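S.K.: Pasting a structure here, questions to come.
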Amino acid sequence: MKQPAIIVEGVSKVYKLRANRNLFFKFFANQHKSKAPLEIQALTDVSFSLDQGDVLGVIGGNGDGKSTLLKILSQVTFPSAGKVSLTGRVSSLLEIGTGFHSDLNGIDNIFINGTLLGMSKKEVEARLEEIVEFSGIGDLIHLPVKTYSSGMTMRLGFSVAAHLDSEILLLDEVFAVGDLDFQAKAISKIETLFKRGKTIVYVSHDIQSIRRLCTKCLILEKGRVKRIGEVDQIVNEYLQNNRPMV
């Protein structure tokens with residue numbers, strides 16, 4: 001019987017922005033005759049669970065809370081209410097270069113990421129050659145990350161996240177940058193991880209990759225779970241309700 005890998009229970013996230021720290025928010029607060037902190041409700045009462053080996057696609061419009069959900073799962077930020085339970089090591093690629101130290105070279109950053117995951121130096125060394133080869137960066141791996149293009153940074157970030165020994169992988173629009181060859185490699189790698197029983201949460205606007213990679217799909221709308229279920233059914237509903245106006 002499969003064991004739950006991720007349990008999200010009643011998670012809400014509120015960002016409080018003080019008006020006196022930004023001219024726009026000063027103007028907004030004056031317009032509304034209020035000096036109280038402005039609040040942005042990013043997530044509201046989000047609940048779901050994933051078993052080990054599930055691949056969840058998260059879809060929705062811009063500003064609907066998808067990236068905030070991933071940041072909470074990866075513990076980059078914490079919920080204002082509710083709780084998250086994770087079973088196993090978590091590896092994430094949330095934004096291009098997230099977690100990289102720009103002044104250090106690619107090799108150093110691979111070791112730093114591995115250490116943050118709780119891996120030993122020996123464990124990282126065992127995967128180092130495979131990570132570098134997959135990234136396609138070559139000898140540039142010895143240069144500081146700040147000299148990399150966005151595509152190079154993304155490729156290295158994905159390679160690290162996908163090859164380190166973690167049970168849970170969190171991905172945010174990882175195929176948005178990079179050439180077609182690398183995109184094909186990345187999709188193939190995710191399919192391999194799925195076959196090995198890794199649990200994956202994948203946020204994307206690329207509906208075709210959601211259909212191909214995921215076993216479940218979740219729609220976020222204005223920070224709330226609108227639907228979660230079988231991929232084709234959820235995606236078809238989403239497309240039906242979000243057709244462009246003619």
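Identifiers in this document derive from the order of the structure tokens: chains are assigned A, B, ..., residues are numbered from 1 separately in each chain, and ligands are numbered from 1 in order of occurrence.
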Determine, counting only C-alpha atoms, which protein, DNA and RNA residues have an atom within 8 Å of an atom of Ile210 in chain A; residues of the same chain fewer than 5 positions away are not included. Present the result as number ranges by chain.

M.R.: A: 57, 202, 204, 217, 231

S.K.: Extract the full set of strand (DSSP E or B) residues from range 121-237 of chain A according to DSSP on the backbone, and format it as a ChimeraX atom specification.

M.R.: /A:144,168-172,199-203,216-221,224-229

S.K.: Could you write those residues out with C-alpha atoms, as an mmCIF file, in the first residue's frame?

M.R.:
data_model
loop_
_atom_site.group_PDB
_atom_site.id
_atom_site.type_symbol
_atom_site.label_atom_id
_atom_site.label_comp_id
_atom_site.auth_asym_id
_atom_site.auth_seq_id
_atom_site.Cartn_x
_atom_site.Cartn_y
_atom_site.Cartn_z
ATOM 1 C CA PRO A 144 31.008 31.607 -11.370
ATOM 2 C CA ILE A 168 10.125 14.681 -3.534
ATOM 3 C CA LEU A 169 10.817 16.984 -6.490
ATOM 4 C CA LEU A 170 9.206 20.424 -6.849
ATOM 5 C CA LEU A 171 9.359 22.108 -10.271
ATOM 6 C CA ASP A 172 8.126 25.514 -11.445
ATOM 7 C CA THR A 199 6.845 12.172 -5.950
ATOM 8 C CA ILE A 200 6.724 15.276 -8.162
ATOM 9 C CA VAL A 201 4.785 18.537 -8.017
ATOM 10 C CA TYR A 202 5.014 20.349 -11.341
ATOM 11 C CA VAL A 203 3.664 23.867 -11.941
ATOM 12 C CA LYS A 216 -3.050 13.961 -11.200
ATOM 13 C CA CYS A 217 -3.927 17.584 -11.873
ATOM 14 C CA LEU A 218 -4.982 20.447 -9.619
ATOM 15 C CA ILE A 219 -6.532 23.760 -10.643
ATOM 16 C CA LEU A 220 -5.773 26.771 -8.445
ATOM 17 C CA GLU A 221 -8.098 29.720 -8.887
ATOM 18 C CA ARG A 224 -8.219 28.167 -3.789
ATOM 19 C CA VAL A 225 -8.347 24.585 -5.034
ATOM 20 C CA LYS A 226 -11.048 24.577 -7.681
ATOM 21 C CA ARG A 227 -10.629 20.942 -8.744
ATOM 22 C CA ILE A 228 -8.207 18.061 -8.329
ATOM 23 C CA GLY A 229 -8.395 14.712 -10.047
#

S.K.: Taking a cut-off of 12 Å and counting only C-alpha atoms, can you build a table that, for each residue of range 63-138 of chain A near range 41-52 of chain A, reports the nearest atom pair and how far apart they are in Å (one decimal), sorted by chain then residue number, as JSON lines?

M.R.:
{"residue": "A:Gly63", "atom": "CA", "partner": "A:Ala42", "partner_atom": "CA", "distance": 7.8}
{"residue": "A:Asp64", "atom": "CA", "partner": "A:Ala42", "partner_atom": "CA", "distance": 7.1}
{"residue": "A:Gly65", "atom": "CA", "partner": "A:Ala42", "partner_atom": "CA", "distance": 5.4}
{"residue": "A:Lys66", "atom": "CA", "partner": "A:Leu43", "partner_atom": "CA", "distance": 8.8}
{"residue": "A:Ser67", "atom": "CA", "partner": "A:Ala42", "partner_atom": "CA", "distance": 9.6}
{"residue": "A:Thr68", "atom": "CA", "partner": "A:Ala42", "partner_atom": "CA", "distance": 7.0}
{"residue": "A:Leu69", "atom": "CA", "partner": "A:Leu43", "partner_atom": "CA", "distance": 7.6}
{"residue": "A:Leu70", "atom": "CA", "partner": "A:Leu43", "partner_atom": "CA", "distance": 11.3}
{"residue": "A:Lys71", "atom": "CA", "partner": "A:Ala42", "partner_atom": "CA", "distance": 11.6}
{"residue": "A:Ile72", "atom": "CA", "partner": "A:Leu43", "partner_atom": "CA", "distance": 10.4}
{"residue": "A:Leu73", "atom": "CA", "partner": "A:Val46", "partner_atom": "CA", "distance": 11.9}
{"residue": "A:Phe78", "atom": "CA", "partner": "A:Leu43", "partner_atom": "CA", "distance": 11.5}
{"residue": "A:Pro79", "atom": "CA", "partner": "A:Leu43", "partner_atom": "CA", "distance": 8.7}
{"residue": "A:Ser80", "atom": "CA", "partner": "A:Leu43", "partner_atom": "CA", "distance": 9.2}
{"residue": "A:Ala81", "atom": "CA", "partner": "A:Asp45", "partner_atom": "CA", "distance": 8.1}
{"residue": "A:Gly82", "atom": "CA", "partner": "A:Asp45", "partner_atom": "CA", "distance": 7.5}
{"residue": "A:Lys83", "atom": "CA", "partner": "A:Ser47", "partner_atom": "CA", "distance": 9.3}
{"residue": "A:Val84", "atom": "CA", "partner": "A:Ser47", "partner_atom": "CA", "distance": 9.2}
{"residue": "A:Ser85", "atom": "CA", "partner": "A:Ser49", "partner_atom": "CA", "distance": 9.3}
{"residue": "A:Leu86", "atom": "CA", "partner": "A:Leu50", "partner_atom": "CA", "distance": 9.8}
{"residue": "A:Thr87", "atom": "CA", "partner": "A:Gln52", "partner_atom": "CA", "distance": 8.8}
{"residue": "A:Gly88", "atom": "CA", "partner": "A:Gln52", "partner_atom": "CA", "distance": 9.8}

S.K.: With C-alpha atoms kept, could you save the residues just selected as a PDB file, in the first residue's frame?

M.R.:
ATOM      1  CA  GLY A  63      -1.472  35.295  -9.605  1.00  0.00           C
ATOM      2  CA  ASP A  64      -3.597  32.288  -8.620  1.00  0.00           C
ATOM      3  CA  GLY A  65      -1.058  31.061  -6.037  1.00  0.00           C
ATOM      4  CA  LYS A  66       0.814  28.315  -7.871  1.00  0.00           C
ATOM      5  CA  SER A  67       4.336  29.521  -7.093  1.00  0.00           C
ATOM      6  CA  THR A  68       3.354  30.392  -3.525  1.00  0.00           C
ATOM      7  CA  LEU A  69       2.195  26.809  -3.024  1.00  0.00           C
ATOM      8  CA  LEU A  70       5.544  25.472  -4.244  1.00  0.00           C
ATOM      9  CA  LYS A  71       7.448  27.881  -1.997  1.00  0.00           C
ATOM     10  CA  ILE A  72       5.480  26.614   1.001  1.00  0.00           C
ATOM     11  CA  LEU A  73       6.115  22.982   0.050  1.00  0.00           C
ATOM     12  CA  PHE A  78       5.666  29.237   5.600  1.00  0.00           C
ATOM     13  CA  PRO A  79       1.861  29.169   5.698  1.00  0.00           C
ATOM     14  CA  SER A  80      -0.127  31.732   7.646  1.00  0.00           C
ATOM     15  CA  ALA A  81      -2.507  28.925   8.617  1.00  0.00           C
ATOM     16  CA  GLY A  82      -2.700  25.170   8.143  1.00  0.00           C
ATOM     17  CA  LYS A  83       0.156  22.705   7.908  1.00  0.00           C
ATOM     18  CA  VAL A  84       2.212  20.666   5.456  1.00  0.00           C
ATOM     19  CA  SER A  85       3.657  17.197   6.088  1.00  0.00           C
ATOM     20  CA  LEU A  86       6.436  15.907   3.841  1.00  0.00           C
ATOM     21  CA  THR A  87       7.920  12.417   3.953  1.00  0.00           C
ATOM     22  CA  GLY A  88      11.440  12.294   2.522  1.00  0.00           C
TER      23      GLY A  88
END

S.K.: Between A:Ile107, A:Leu17, A:Leu116, A:Cys214, which one has atoms that come closest to Val58 in chain A, using only C-alpha atoms?

M.R.: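 Looking only at the distances to Val58 in chain A, the closest residue turns out to be A:Cys214.
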
S.K.: Please identify every residue of range 41-96 of chain A that has at least one atom no farther than 12 Å from an atom of range 178-193 of chain A, counting only C-alpha atoms, and for each give the shortest atom pair and the distance in Å to one decimal, arranged by chain then increasing number, as a Markdown table.

M.R.:
| residue | atom | partner | partner_atom | distance |
| --- | --- | --- | --- | --- |
| A:Gln52 | CA | A:Leu193 | CA | 11.7 |
| A:Gly53 | CA | A:Leu193 | CA | 8.7 |
| A:Asp54 | CA | A:Leu193 | CA | 10.6 |
| A:Val55 | CA | A:Ile190 | CA | 9.4 |
| A:Ile96 | CA | A:Gly178 | CA | 11.1 |

S.K.: Quick check, in Å to one decimal: how far apart do CA of Gly138 in chain A and CA of Glu173 in chain A lie?

M.R.: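 Value for the CA of Gly138 in chain A-CA of Glu173 in chain A distance: 23.8 Å.
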
S.K.: Pick out the closest residue to Ile131 in chain A from this set: A:Ser92, A:Gln3, A:Thr215, A:Ser159. Count only C-alpha atoms.

M.R.: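 Between A:Ser92, A:Gln3, A:Thr215, A:Ser159, the residue approaching Ile131 in chain A most closely is A:Ser159.
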
S.K.: One decimal, Å: what's the distance from CA of Arg89 in chain A over to CA of Gly223 in chain A, could you say?

M.R.: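 Those two atoms sit 26.2 Å apart.
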
S.K.: Residues of range 36-223 of chain A classed as helix (DSSP H, G or I) by DSSP on the backbone are to be reported as a PyMOL selection string.

M.R.: chain A and resi 66-73+106-116+121-135+138-142+145-147+150-163+180-195+207-213

S.K.: Go ahead and save the picked residues with C-alpha atoms, as a compact mmCIF listing (two decimals), in the first residue's frame.

M.R.:
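The resulting file, part12.txt, is shown below:
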# COMPACT_ATOMS: atom_id res chain seq x y z
CA LYS A 66 0.81 28.31 -7.87
CA SER A 67 4.34 29.52 -7.09
CA THR A 68 3.35 30.39 -3.52
CA LEU A 69 2.19 26.81 -3.02
CA LEU A 70 5.54 25.47 -4.24
CA LYS A 71 7.45 27.88 -2.00
CA ILE A 72 5.48 26.61 1.00
CA LEU A 73 6.12 22.98 0.05
CA GLY A 106 28.80 25.43 -10.75
CA ILE A 107 30.67 22.65 -8.92
CA ASP A 108 30.54 24.50 -5.59
CA ASN A 109 26.83 25.14 -6.02
CA ILE A 110 26.14 21.47 -6.69
CA PHE A 111 27.79 20.59 -3.38
CA ILE A 112 25.94 23.37 -1.54
CA ASN A 113 22.59 22.16 -2.87
CA GLY A 114 23.41 18.58 -1.91
CA THR A 115 24.38 19.64 1.60
CA LEU A 116 21.13 21.58 2.01
CA LYS A 121 29.97 15.07 0.38
CA LYS A 122 30.54 11.48 -0.69
CA GLU A 123 26.94 11.12 -1.89
CA VAL A 124 27.19 14.29 -3.99
CA GLU A 125 30.55 13.23 -5.42
CA ALA A 126 28.97 9.97 -6.60
CA ARG A 127 26.46 11.94 -8.72
CA LEU A 128 28.65 14.89 -9.71
CA GLU A 129 29.79 13.66 -13.12
CA GLU A 130 26.26 12.69 -14.13
CA ILE A 131 24.88 16.10 -13.05
CA VAL A 132 27.50 18.04 -15.00
CA GLU A 133 27.12 15.89 -18.10
CA PHE A 134 23.33 16.18 -18.09
CA SER A 135 23.48 19.98 -17.76
CA GLY A 138 30.90 21.50 -20.06
CA ASP A 139 34.03 23.30 -18.85
CA LEU A 140 31.97 26.38 -17.98
CA ILE A 141 30.96 24.49 -14.84
CA HIS A 142 34.16 25.91 -13.31
CA VAL A 145 27.27 31.11 -11.81
CA LYS A 146 26.84 34.89 -12.29
CA THR A 147 28.54 34.49 -15.69
CA SER A 150 19.57 32.18 -17.93
CA GLY A 151 19.39 28.99 -20.00
CA MET A 152 22.63 27.64 -18.53
CA THR A 153 21.50 28.44 -15.01
CA MET A 154 18.18 26.70 -15.59
CA ARG A 155 19.89 23.62 -17.04
CA LEU A 156 22.23 23.32 -14.09
CA GLY A 157 19.42 23.93 -11.61
CA PHE A 158 17.28 21.22 -13.16
CA SER A 159 20.22 18.80 -13.33
CA VAL A 160 20.98 19.26 -9.64
CA ALA A 161 17.33 18.94 -8.59
CA ALA A 162 16.72 15.85 -10.71
CA HIS A 163 19.89 13.91 -9.87
CA LEU A 180 14.31 21.90 -27.54
CA ASP A 181 17.00 19.24 -27.02
CA PHE A 182 17.30 20.03 -23.33
CA GLN A 183 13.54 20.19 -22.92
CA ALA A 184 13.29 16.67 -24.36
CA LYS A 185 16.05 15.46 -22.00
CA ALA A 186 14.29 17.05 -19.02
CA ILE A 187 10.92 15.48 -19.85
CA SER A 188 12.58 12.09 -20.31
CA LYS A 189 14.33 12.51 -16.95
CA ILE A 190 11.06 13.27 -15.17
CA GLU A 191 9.49 10.18 -16.73
CA THR A 192 12.44 8.13 -15.39
CA LEU A 193 12.00 9.61 -11.92
CA PHE A 194 8.30 8.78 -12.02
CA LYS A 195 9.10 5.16 -12.85
CA ILE A 207 -0.74 21.87 -20.89
CA GLN A 208 0.87 19.27 -23.17
CA SER A 209 3.64 18.53 -20.68
CA ILE A 210 1.03 18.31 -17.89
CA ARG A 211 -0.86 15.71 -19.91
CA ARG A 212 2.31 13.76 -20.70
CA LEU A 213 4.00 13.76 -17.30

S.K.: Could you check the closest approach to Ser12 in chain A for each of A:Asn62, A:Lys198, A:Val90, A:Thr77 and tell me which residue wins, using only C-alpha atoms?

M.R.: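 Using only C-alpha atoms, the shortest distance to Ser12 in chain A belongs to A:Thr77.
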
S.K.: Find the residue from A:Gly118, A:Gly60, A:Gly197, A:Gly136 that sits nearest to Asn242 in chain A; use only C-alpha atoms when measuring.

M.R.: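 Ranking A:Gly118, A:Gly60, A:Gly197, A:Gly136 by distance to Asn242 in chain A, first place goes to A:Gly60.
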